[in-house]
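Undergrad: Structure file upload_3.tsv, TSV, C-alpha atoms, is pasted below:
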chain	number	residue	atom	x	y	z
A	628	MET	CA	-3.31	11.02	3.13
A	629	LYS	CA	-2.63	11.40	-0.57
A	630	THR	CA	-1.00	8.38	-2.20
A	631	GLN	CA	2.74	8.81	-2.58
A	632	SER	CA	4.66	7.01	-5.23
A	633	ILE	CA	5.49	3.51	-3.98
A	634	PHE	CA	8.25	1.66	-5.81
A	635	ASP	CA	10.37	-0.05	-3.15
A	636	THR	CA	10.44	-1.05	0.53
A	637	GLU	CA	11.54	2.39	1.70
A	638	SER	CA	8.88	4.33	-0.20
A	639	ALA	CA	6.26	1.79	0.92
A	640	LEU	CA	7.14	2.17	4.61
A	641	VAL	CA	7.38	5.96	4.36
A	642	ASP	CA	3.93	6.05	2.75
A	643	LEU	CA	2.40	3.80	5.42
A	644	VAL	CA	3.90	5.78	8.31
A	645	SER	CA	2.57	8.99	6.70
A	646	SER	CA	-0.83	7.34	6.34
A	647	CYS	CA	-0.83	6.48	10.04
A	648	HIS	CA	0.10	10.06	11.01
A	649	GLY	CA	-2.71	11.37	8.79
A	650	ALA	CA	-5.25	8.90	10.15
A	651	ILE	CA	-4.41	9.71	13.79
A	652	TYR	CA	-4.86	13.42	13.08
A	653	ALA	CA	-8.08	12.91	11.11
A	654	TYR	CA	-9.62	10.67	13.77
A	655	GLY	CA	-8.97	13.43	16.31
A	656	VAL	CA	-11.12	15.77	14.24
A	657	ILE	CA	-13.68	13.02	13.59
A	658	ALA	CA	-13.95	12.19	17.31
A	659	SER	CA	-14.66	15.82	18.10
A	660	GLN	CA	-17.87	15.66	16.03
A	661	LEU	CA	-19.13	12.18	16.92
A	662	THR	CA	-21.84	11.68	19.50
A	663	GLN	CA	-20.25	8.33	20.46
A	664	VAL	CA	-16.47	8.64	20.39
A	665	ASP	CA	-15.42	5.15	21.49
A	666	ASP	CA	-14.95	3.74	18.00
A	667	ALA	CA	-12.89	6.76	16.92
A	668	LEU	CA	-10.69	6.50	20.00
A	669	ASP	CA	-10.21	2.78	19.36
A	670	ALA	CA	-9.22	3.63	15.78
A	671	ILE	CA	-6.66	6.19	17.01
A	672	SER	CA	-5.15	3.49	19.25
A	673	ARG	CA	-5.09	1.04	16.36
A	674	TYR	CA	-3.24	3.50	14.12
A	675	ARG	CA	-0.82	4.48	16.91
A	676	VAL	CA	0.11	0.83	17.45
A	677	LYS	CA	0.56	0.34	13.71
A	678	ARG	CA	2.60	3.56	13.37
A	679	ASN	CA	4.93	2.44	16.18
A	680	GLU	CA	5.38	-0.99	14.61
A	681	LEU	CA	6.21	0.57	11.25
A	682	ILE	CA	8.63	3.08	12.78
A	683	ALA	CA	10.38	0.19	14.57
A	684	LEU	CA	10.63	-1.64	11.26
A	685	CYS	CA	12.04	1.49	9.62
A	686	ALA	CA	14.73	1.66	12.30
A	687	GLU	CA	15.54	-2.01	11.76
A	688	LEU	CA	15.96	-1.40	8.02
A	689	SER	CA	17.86	1.91	8.46
A	690	ILE	CA	15.01	3.86	6.88
A	691	THR	CA	14.18	7.34	8.16
A	692	PRO	CA	10.44	7.48	8.91
A	693	PRO	CA	8.62	10.71	8.07
A	694	PRO	CA	7.70	12.93	11.04
A	695	ALA	CA	4.08	13.83	11.73
A	696	ARG	CA	2.99	17.18	10.36
A	697	ALA	CA	1.27	19.81	12.46
A	698	ALA	CA	-1.93	19.40	10.42
A	699	TYR	CA	-3.32	17.40	7.50
A	700	GLU	CA	-5.77	18.33	4.79
A	701	LEU	CA	-9.01	16.42	5.32
A	702	SER	CA	-10.75	14.90	2.35
A	703	SER	CA	-14.17	16.19	3.39
A	704	SER	CA	-15.75	18.73	5.68
A	705	ILE	CA	-16.48	17.32	9.16
A	706	THR	CA	-19.20	19.31	10.86
A	707	ASP	CA	-21.49	16.78	12.58
A	708	ASP	CA	-22.00	13.12	13.47
A	709	ALA	CA	-23.02	12.05	9.95
A	710	SER	CA	-20.17	13.84	8.18
A	711	ALA	CA	-17.73	12.50	10.78
A	712	LYS	CA	-18.84	8.92	10.10
A	713	ALA	CA	-18.62	9.47	6.35
A	714	ALA	CA	-15.10	10.89	6.73
A	715	ALA	CA	-14.07	7.94	8.89
A	716	ALA	CA	-15.34	5.48	6.27
A	717	LEU	CA	-13.44	7.34	3.55
A	718	LEU	CA	-10.31	7.47	5.67
A	719	GLU	CA	-10.36	3.69	6.22
A	720	GLU	CA	-11.03	3.08	2.54
A	721	SER	CA	-8.07	5.27	1.66
A	722	ALA	CA	-5.88	3.41	4.17
A	723	CYS	CA	-6.94	0.16	2.52
A	724	ALA	CA	-5.70	1.50	-0.82
A	725	HIS	CA	-2.36	2.60	0.68
A	726	TRP	CA	-1.76	-0.83	2.23
A	727	ALA	CA	-2.78	-2.56	-0.99
A	728	ALA	CA	-0.20	-0.52	-2.92
A	729	ALA	CA	2.50	-1.27	-0.35
A	730	LEU	CA	1.98	-5.04	0.08
A	731	ASN	CA	4.24	-6.05	-2.79
A	732	TYR	CA	7.22	-4.15	-1.36
A	733	LEU	CA	7.02	-5.05	2.32
A	734	PRO	CA	9.47	-7.49	3.93
A	735	LYS	CA	8.11	-11.05	3.97
A	736	LYS	CA	8.14	-11.21	7.76
A	737	VAL	CA	5.57	-8.40	8.08
A	738	ALA	CA	3.47	-9.12	4.97
A	739	ALA	CA	0.91	-11.25	6.84
A	740	SER	CA	0.39	-8.73	9.65
A	741	GLU	CA	0.07	-5.83	7.18
A	742	ALA	CA	-2.42	-7.85	5.14
A	743	LYS	CA	-4.46	-8.30	8.36
A	744	PHE	CA	-4.28	-4.56	8.95
A	745	LEU	CA	-5.61	-3.93	5.43
A	746	GLN	CA	-8.56	-6.19	6.27
A	747	SER	CA	-9.20	-4.34	9.52
A	748	CYS	CA	-9.29	-1.03	7.58
A	749	ALA	CA	-11.81	-2.49	5.12
A	750	ILE	CA	-14.04	-3.80	7.90
A	751	SER	CA	-13.83	-0.44	9.72
A	752	SER	CA	-14.84	1.36	6.54
A	753	PHE	CA	-17.90	-0.90	6.26
A	754	LYS	CA	-18.77	-0.40	9.94
A	755	TRP	CA	-18.63	3.38	9.61
A	756	SER	CA	-20.70	3.63	6.44
A	757	GLY	CA	-22.61	0.35	6.11
A	758	ILE	CA	-21.56	0.37	2.46
A	759	VAL	CA	-19.57	-2.33	0.67
A	760	LYS	CA	-17.46	-1.43	-2.33
A	761	ALA	CA	-15.89	-3.40	-5.15
A	762	PHE	CA	-12.61	-1.49	-4.82
A	763	SER	CA	-11.23	1.01	-2.36
A	764	SER	CA	-10.20	4.38	-3.72
A	765	ALA	CA	-7.05	6.23	-2.66
M	512	MET	CA	37.31	-33.99	-68.35
M	513	ASN	CA	34.27	-31.86	-68.56
M	514	ASN	CA	32.11	-34.87	-69.17
M	515	THR	CA	33.59	-36.66	-66.19
M	516	TYR	CA	32.85	-33.64	-64.04
M	517	VAL	CA	29.25	-33.49	-65.23
M	518	THR	CA	28.86	-37.19	-64.64
M	519	ASN	CA	30.19	-36.93	-61.07
M	520	LEU	CA	27.96	-33.97	-60.41
M	521	GLN	CA	24.95	-35.84	-61.68
M	522	LYS	CA	25.80	-38.79	-59.45
M	523	ASP	CA	26.27	-36.43	-56.52
M	524	LEU	CA	22.98	-34.58	-56.89
M	525	PRO	CA	20.59	-37.25	-55.63
M	526	ARG	CA	22.77	-37.79	-52.55
M	527	ARG	CA	22.90	-34.05	-51.85
M	528	SER	CA	19.17	-33.71	-52.38
M	529	PHE	CA	18.57	-36.61	-50.03
M	530	LEU	CA	20.76	-35.06	-47.33
M	531	ALA	CA	19.09	-31.67	-47.78
M	532	LEU	CA	15.69	-33.30	-47.56
M	533	LEU	CA	16.76	-35.16	-44.43
M	534	SER	CA	17.99	-31.93	-42.88
M	535	CYS	CA	14.75	-30.11	-43.71
M	536	THR	CA	12.68	-32.97	-42.33
M	537	GLY	CA	14.70	-32.91	-39.13
M	538	PHE	CA	14.13	-29.19	-38.79
M	539	LEU	CA	10.40	-29.53	-39.43
M	540	VAL	CA	10.04	-32.34	-36.90
M	541	ALA	CA	11.89	-30.26	-34.31
M	542	ALA	CA	9.71	-27.24	-35.08
M	543	CYS	CA	6.51	-29.26	-34.87
M	544	GLY	CA	7.70	-30.70	-31.60
M	545	LYS	CA	8.08	-27.20	-30.20
M	546	VAL	CA	4.60	-26.16	-31.36
M	547	ALA	CA	3.07	-29.27	-29.88
M	548	GLN	CA	4.65	-28.63	-26.47
M	549	GLU	CA	2.47	-27.13	-23.74
M	550	PRO	CA	3.16	-23.39	-23.38
M	551	GLU	CA	4.99	-22.64	-20.15
M	552	ILE	CA	2.54	-21.05	-17.70
M	553	SER	CA	3.89	-18.86	-14.91
M	554	ALA	CA	2.92	-19.32	-11.27
M	555	GLN	CA	1.25	-15.89	-11.46
M	556	GLU	CA	-0.88	-17.00	-14.41
M	557	VAL	CA	-1.85	-20.25	-12.66
M	558	GLY	CA	-2.85	-18.36	-9.52
M	559	LEU	CA	-4.76	-15.80	-11.52
M	560	GLN	CA	-6.71	-18.44	-13.45
M	561	THR	CA	-7.57	-20.20	-10.19
M	562	ILE	CA	-8.90	-16.98	-8.66
M	563	ILE	CA	-10.95	-16.13	-11.74
M	564	SER	CA	-12.38	-19.64	-11.86
M	565	GLU	CA	-13.24	-19.69	-8.14
M	566	LYS	CA	-14.85	-16.27	-8.29
M	567	THR	CA	-16.90	-17.25	-11.34
M	568	ARG	CA	-18.15	-20.31	-9.47
M	569	PHE	CA	-18.91	-18.17	-6.44
M	570	ILE	CA	-21.02	-15.78	-8.54
M	571	LEU	CA	-23.01	-18.71	-9.92
M	572	ALA	CA	-23.47	-20.13	-6.44
M	573	ALA	CA	-24.54	-16.75	-4.99
M	574	ASN	CA	-27.05	-16.23	-7.81
M	575	ALA	CA	-28.43	-19.74	-7.40
M	576	PHE	CA	-28.79	-19.24	-3.64
M	577	ALA	CA	-30.45	-15.84	-4.16
M	578	ALA	CA	-32.96	-17.41	-6.56
M	579	SER	CA	-34.09	-19.90	-3.94
M	580	ASN	CA	-33.83	-17.41	-1.04
M	581	PRO	CA	-35.27	-14.12	-2.39
M	582	ILE	CA	-34.96	-12.43	1.00
M	583	TYR	CA	-31.20	-12.37	0.49
M	584	ALA	CA	-31.32	-11.54	-3.22
M	585	PRO	CA	-30.63	-7.76	-2.96
M	586	ALA	CA	-27.56	-8.28	-0.77
M	587	LEU	CA	-26.26	-11.18	-2.82
M	588	GLN	CA	-26.78	-9.23	-6.02
M	589	ILE	CA	-24.39	-6.54	-4.73
M	590	VAL	CA	-21.80	-9.14	-3.72
M	591	ALA	CA	-22.13	-11.00	-7.04
M	592	GLU	CA	-21.80	-7.76	-9.02
M	593	HIS	CA	-18.68	-6.79	-7.10
M	594	ASN	CA	-17.18	-10.21	-7.74
M	595	ALA	CA	-17.94	-9.83	-11.44
M	596	LEU	CA	-16.07	-6.50	-11.35
M	597	HIS	CA	-13.16	-8.25	-9.62
M	598	VAL	CA	-13.10	-10.90	-12.36
M	599	ALA	CA	-13.13	-8.20	-15.04
M	600	ALA	CA	-10.21	-6.41	-13.35
M	601	LEU	CA	-8.21	-9.62	-12.96
M	602	THR	CA	-8.85	-10.76	-16.52
M	603	LYS	CA	-6.77	-7.79	-17.70
M	604	PHE	CA	-3.72	-9.41	-16.10
M	605	ALA	CA	-4.38	-12.88	-17.54
M	606	SER	CA	-2.63	-13.96	-20.72
M	607	LEU	CA	-4.83	-17.02	-21.19
M	608	ALA	CA	-8.58	-17.12	-21.71
M	609	ALA	CA	-10.43	-17.43	-18.44
M	610	PRO	CA	-11.89	-20.90	-17.81
M	611	GLU	CA	-15.67	-21.13	-17.74
M	612	ALA	CA	-17.33	-22.48	-14.65
M	613	SER	CA	-19.97	-25.10	-15.22
M	614	ALA	CA	-23.25	-25.06	-13.39
M	615	SER	CA	-22.48	-28.55	-12.11
M	616	ALA	CA	-19.56	-27.10	-10.17
M	617	ILE	CA	-21.93	-25.22	-7.87
M	618	PRO	CA	-22.36	-26.94	-4.50
M	619	GLU	CA	-26.09	-26.24	-4.25
M	620	VAL	CA	-26.82	-28.80	-1.57
M	621	GLY	CA	-26.32	-27.40	1.90
M	622	LEU	CA	-25.41	-23.94	0.66
M	623	THR	CA	-26.17	-21.27	3.27
M	624	LEU	CA	-25.61	-17.54	3.59
M	625	GLY	CA	-23.09	-18.36	6.30
M	626	LYS	CA	-21.12	-20.54	3.89
M	627	LEU	CA	-21.14	-17.83	1.23
M	628	SER	CA	-19.98	-15.32	3.84
M	629	ALA	CA	-17.24	-17.67	5.01
M	630	GLN	CA	-16.13	-18.10	1.40
M	631	CYS	CA	-15.70	-14.31	1.13
M	632	ALA	CA	-13.31	-14.38	4.11
M	633	VAL	CA	-11.43	-17.35	2.63
M	634	PHE	CA	-11.09	-15.43	-0.65
M	635	SER	CA	-9.78	-12.35	1.15
M	636	ASN	CA	-7.15	-14.29	3.12
M	637	SER	CA	-6.00	-16.35	0.18
M	638	HIS	CA	-5.87	-13.39	-2.23
M	639	LEU	CA	-3.82	-11.34	0.22
M	640	GLU	CA	-1.42	-14.26	0.54
M	641	PHE	CA	-1.13	-14.38	-3.24
M	642	ALA	CA	-0.67	-10.58	-3.36
M	643	CYS	CA	2.38	-10.95	-1.08
M	644	SER	CA	3.93	-13.80	-3.09
M	645	GLY	CA	6.19	-11.76	-5.37
M	646	ILE	CA	3.78	-11.28	-8.26
M	647	SER	CA	3.72	-8.09	-10.35
M	648	ALA	CA	3.28	-4.86	-8.36
M	649	GLU	CA	0.09	-3.79	-10.12
M	650	LEU	CA	-1.56	-7.20	-9.77
M	651	SER	CA	-0.55	-7.24	-6.09
M	652	ARG	CA	-2.17	-3.82	-5.57
M	653	THR	CA	-5.32	-4.89	-7.40
M	654	LEU	CA	-5.56	-8.07	-5.34
M	655	GLY	CA	-5.08	-6.05	-2.15
M	656	LEU	CA	-8.03	-3.86	-3.09
M	657	ILE	CA	-10.10	-6.91	-4.03
M	658	ALA	CA	-9.24	-8.60	-0.72
M	659	GLY	CA	-10.43	-5.48	1.10
M	660	SER	CA	-13.72	-5.69	-0.75
M	661	GLU	CA	-14.05	-9.42	-0.03
M	662	ILE	CA	-13.62	-8.98	3.71
M	663	MET	CA	-16.24	-6.22	3.52
M	664	HIS	CA	-18.57	-8.73	1.83
M	665	HIS	CA	-17.90	-11.16	4.67
M	666	ALA	CA	-18.84	-8.51	7.28
M	667	PHE	CA	-21.84	-7.43	5.19
M	668	LEU	CA	-23.28	-10.95	4.76
M	669	ASN	CA	-22.69	-11.70	8.44
M	670	SER	CA	-24.61	-8.55	9.35
M	671	ILE	CA	-27.74	-9.63	7.46
M	672	GLN	CA	-27.90	-13.27	8.56
M	673	LEU	CA	-31.23	-14.05	10.17
Would you kindly transcribe this structure into structure tokens?

TA:
Amino acid sequence: MKTQSIFDTESALVDLVSSCHGAIYAYGVIASQLTQVDDALDAISRYRVKRNELIALCAELSITPPPARAAYELSSSITDDASAKAAAALLEESACAHWAAALNYLPKKVAASEAKFLQSCAISSFKWSGIVKAFSSA
Amino acid sequence: MNNTYVTNLQKDLPRRSFLALLSCTGFLVAACGKVAQEPEISAQEVGLQTIISEKTRFILAANAFAASNPIYAPALQIVAEHNALHVAALTKFASLAAPEASASAIPEVGLTLGKLSAQCAVFSNSHLEFACSGISAELSRTLGLIAGSEIMHHAFLNSIQL
């Protein structure tokens, strides 16, 4: 989920779809190490719904969405419940940064819903870690 | 002939000087008029100044509430510090000096942790709306990150309410 260069609507949507693919993959690994998996499974559902919405928007705008890769590099080692929660918090924080970078380039009709999604990522990050931050890092 | 020419020139000079003076005066008046006009402020600048001003007031209010409710002081200190960082980040985009918030602007009466928390959510929603309003890309990104932090503050303050 490394930040790609965002400079127009197409690059913004491509980056967000890639972020969703990466998050879905990462949450699969995270869920495998959590003692309580419900929140991770809910997060996978949330990102799947968002990915599908974004892919539909890409089709509407004649933009080719990026396919999911077989695997993604994880930002940290996930070996137990604590490291899985820390990785989930970092993942959501990173998603927040991706959506923040994309906001300016998204079509007006989806701006409000994507802004809500950014907020849901920030709240998830706080729920996973219990830590509030002044800025999210990508 | 030469004398006549000199004489005419001498007669002409005061009139020319007067016209030149009139022209200069007109130019100066026009120039002064331009200086005296209010500088045109962009919608982005107006929005930015409003955010900075509101956040500054919020910090004062949070600090005042923390002083009278020490149990919440550690949490509010974090939130206030983050808001100060937000103000510092936003000030970089402002072309005008940030307005100072007066202590009298703080609504001390009836202030609760719930109201401060609600204000964080209001900030987040309104700053995301501003981020999507066609402002500069970098300011939009910064406001998106700030809005993420603000909604975290809302969740955080809600989680510690007694």

Undergrad: Can you list every residue of chain M that has an atom at most 8 Å from chain A, with its nearest atom pair and the distance in Å to one decimal, using only C-alpha atoms, ordered by chain then number, as a Markdown table?

TA:
| residue | atom | partner | partner_atom | distance |
| --- | --- | --- | --- | --- |
| M:His593 | CA | A:Ala761 | CA | 4.8 |
| M:Asn594 | CA | A:Ala761 | CA | 7.4 |
| M:Leu596 | CA | A:Ala761 | CA | 6.9 |
| M:His597 | CA | A:Ala761 | CA | 7.1 |
| M:Leu639 | CA | A:Ala742 | CA | 6.2 |
| M:Glu640 | CA | A:Ala739 | CA | 7.4 |
| M:Ala642 | CA | A:Asn731 | CA | 6.7 |
| M:Cys643 | CA | A:Asn731 | CA | 5.5 |
| M:Ser644 | CA | A:Asn731 | CA | 7.8 |
| M:Gly645 | CA | A:Asn731 | CA | 6.6 |
| M:Ile646 | CA | A:Asn731 | CA | 7.6 |
| M:Ser647 | CA | A:Asn731 | CA | 7.8 |
| M:Ala648 | CA | A:Asn731 | CA | 5.8 |
| M:Glu649 | CA | A:Ala728 | CA | 7.9 |
| M:Ser651 | CA | A:Asn731 | CA | 5.9 |
| M:Arg652 | CA | A:Ala728 | CA | 4.7 |
| M:Thr653 | CA | A:Ala727 | CA | 7.3 |
| M:Leu654 | CA | A:Ala727 | CA | 7.6 |
| M:Gly655 | CA | A:Ala727 | CA | 4.3 |
| M:Leu656 | CA | A:Phe762 | CA | 5.4 |
| M:Ile657 | CA | A:Phe762 | CA | 6.0 |
| M:Ala658 | CA | A:Gln746 | CA | 7.4 |
| M:Gly659 | CA | A:Ala749 | CA | 5.2 |
| M:Ser660 | CA | A:Ala761 | CA | 5.4 |
| M:Ile662 | CA | A:Gln746 | CA | 6.3 |
| M:Met663 | CA | A:Ile750 | CA | 5.5 |
| M:His664 | CA | A:Val759 | CA | 6.6 |
| M:Ala666 | CA | A:Ile750 | CA | 6.8 |
| M:Phe667 | CA | A:Val759 | CA | 7.2 |

Undergrad: Could you write out the selected residues, including C-alpha atoms, as a PDB file, keeping the file's coordinate frame?

TA:
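File produced: again-v2.pdb:
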ATOM      1  CA  HIS M 593     -18.680  -6.790  -7.100  1.00  0.00           C
ATOM      2  CA  ASN M 594     -17.180 -10.210  -7.740  1.00  0.00           C
ATOM      3  CA  LEU M 596     -16.070  -6.500 -11.350  1.00  0.00           C
ATOM      4  CA  HIS M 597     -13.160  -8.250  -9.620  1.00  0.00           C
ATOM      5  CA  LEU M 639      -3.820 -11.340   0.220  1.00  0.00           C
ATOM      6  CA  GLU M 640      -1.420 -14.260   0.540  1.00  0.00           C
ATOM      7  CA  ALA M 642      -0.670 -10.580  -3.360  1.00  0.00           C
ATOM      8  CA  CYS M 643       2.380 -10.950  -1.080  1.00  0.00           C
ATOM      9  CA  SER M 644       3.930 -13.800  -3.090  1.00  0.00           C
ATOM     10  CA  GLY M 645       6.190 -11.760  -5.370  1.00  0.00           C
ATOM     11  CA  ILE M 646       3.780 -11.280  -8.260  1.00  0.00           C
ATOM     12  CA  SER M 647       3.720  -8.090 -10.350  1.00  0.00           C
ATOM     13  CA  ALA M 648       3.280  -4.860  -8.360  1.00  0.00           C
ATOM     14  CA  GLU M 649       0.090  -3.790 -10.120  1.00  0.00           C
ATOM     15  CA  SER M 651      -0.550  -7.240  -6.090  1.00  0.00           C
ATOM     16  CA  ARG M 652      -2.170  -3.820  -5.570  1.00  0.00           C
ATOM     17  CA  THR M 653      -5.320  -4.890  -7.400  1.00  0.00           C
ATOM     18  CA  LEU M 654      -5.560  -8.070  -5.340  1.00  0.00           C
ATOM     19  CA  GLY M 655      -5.080  -6.050  -2.150  1.00  0.00           C
ATOM     20  CA  LEU M 656      -8.030  -3.860  -3.090  1.00  0.00           C
ATOM     21  CA  ILE M 657     -10.100  -6.910  -4.030  1.00  0.00           C
ATOM     22  CA  ALA M 658      -9.240  -8.600  -0.720  1.00  0.00           C
ATOM     23  CA  GLY M 659     -10.430  -5.480   1.100  1.00  0.00           C
ATOM     24  CA  SER M 660     -13.720  -5.690  -0.750  1.00  0.00           C
ATOM     25  CA  ILE M 662     -13.620  -8.980   3.710  1.00  0.00           C
ATOM     26  CA  MET M 663     -16.240  -6.220   3.520  1.00  0.00           C
ATOM     27  CA  HIS M 664     -18.570  -8.730   1.830  1.00  0.00           C
ATOM     28  CA  ALA M 666     -18.840  -8.510   7.280  1.00  0.00           C
ATOM     29  CA  PHE M 667     -21.840  -7.430   5.190  1.00  0.00           C
TER      30      PHE M 667
END

Undergrad: Would you compute the distance between atom CA of A:Ser756 and atom CA of A:Lys712? Give it in Å to one decimal.

TA: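 Going from atom CA of A:Ser756 over to atom CA of A:Lys712, I get 6.7 Å.
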
Undergrad: Have a look at atom CA of M:Ala573 and atom CA of M:Leu587 and let me know their distance in Å, one decimal.

TA: 6.2 Å

Undergrad: List the spatial neighbours of stretch 703-711 of chain A as an mmCIF file with C-alpha atoms, keeping the file's coordinate frame - criterion: any atom at most 7 Å away, all atoms listed in the file, same-chain residues fewer than 6 positions off excluded.

TA:
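Result file is part_18.cif:
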data_model
loop_
_atom_site.group_PDB
_atom_site.id
_atom_site.type_symbol
_atom_site.label_atom_id
_atom_site.label_comp_id
_atom_site.auth_asym_id
_atom_site.auth_seq_id
_atom_site.Cartn_x
_atom_site.Cartn_y
_atom_site.Cartn_z
ATOM 1 C CA ILE A 657 -13.680 13.020 13.590
ATOM 2 C CA GLN A 660 -17.870 15.660 16.030
ATOM 3 C CA LEU A 661 -19.130 12.180 16.920
ATOM 4 C CA THR A 662 -21.840 11.680 19.500
#

Undergrad: Do you know which residues lie at most 7 Å from (-21.4, -14.1, 0.4), with coordinates as in the file and all atoms listed in the file counted, and could you write them as a PyMOL selection string?

TA: chain M and resi 573+587+590+624+627-628+630-631+664-665+668

Undergrad: Interatomic distance between atom CA of M:Leu601 and atom CA of M:Asn669?

TA: 25.9 Å

Undergrad: Box along x, y and z, 8 Å on every side, all listed atoms of stretch 665-673 of chain A inside: centre and edge lengths in Å to one decimal, as lines of an AutoDock Vina configuration file.

TA:
center_x = -10.3
center_y = 3.9
center_z = 18.6
size_x = 26.3
size_y = 21.7
size_z = 21.7
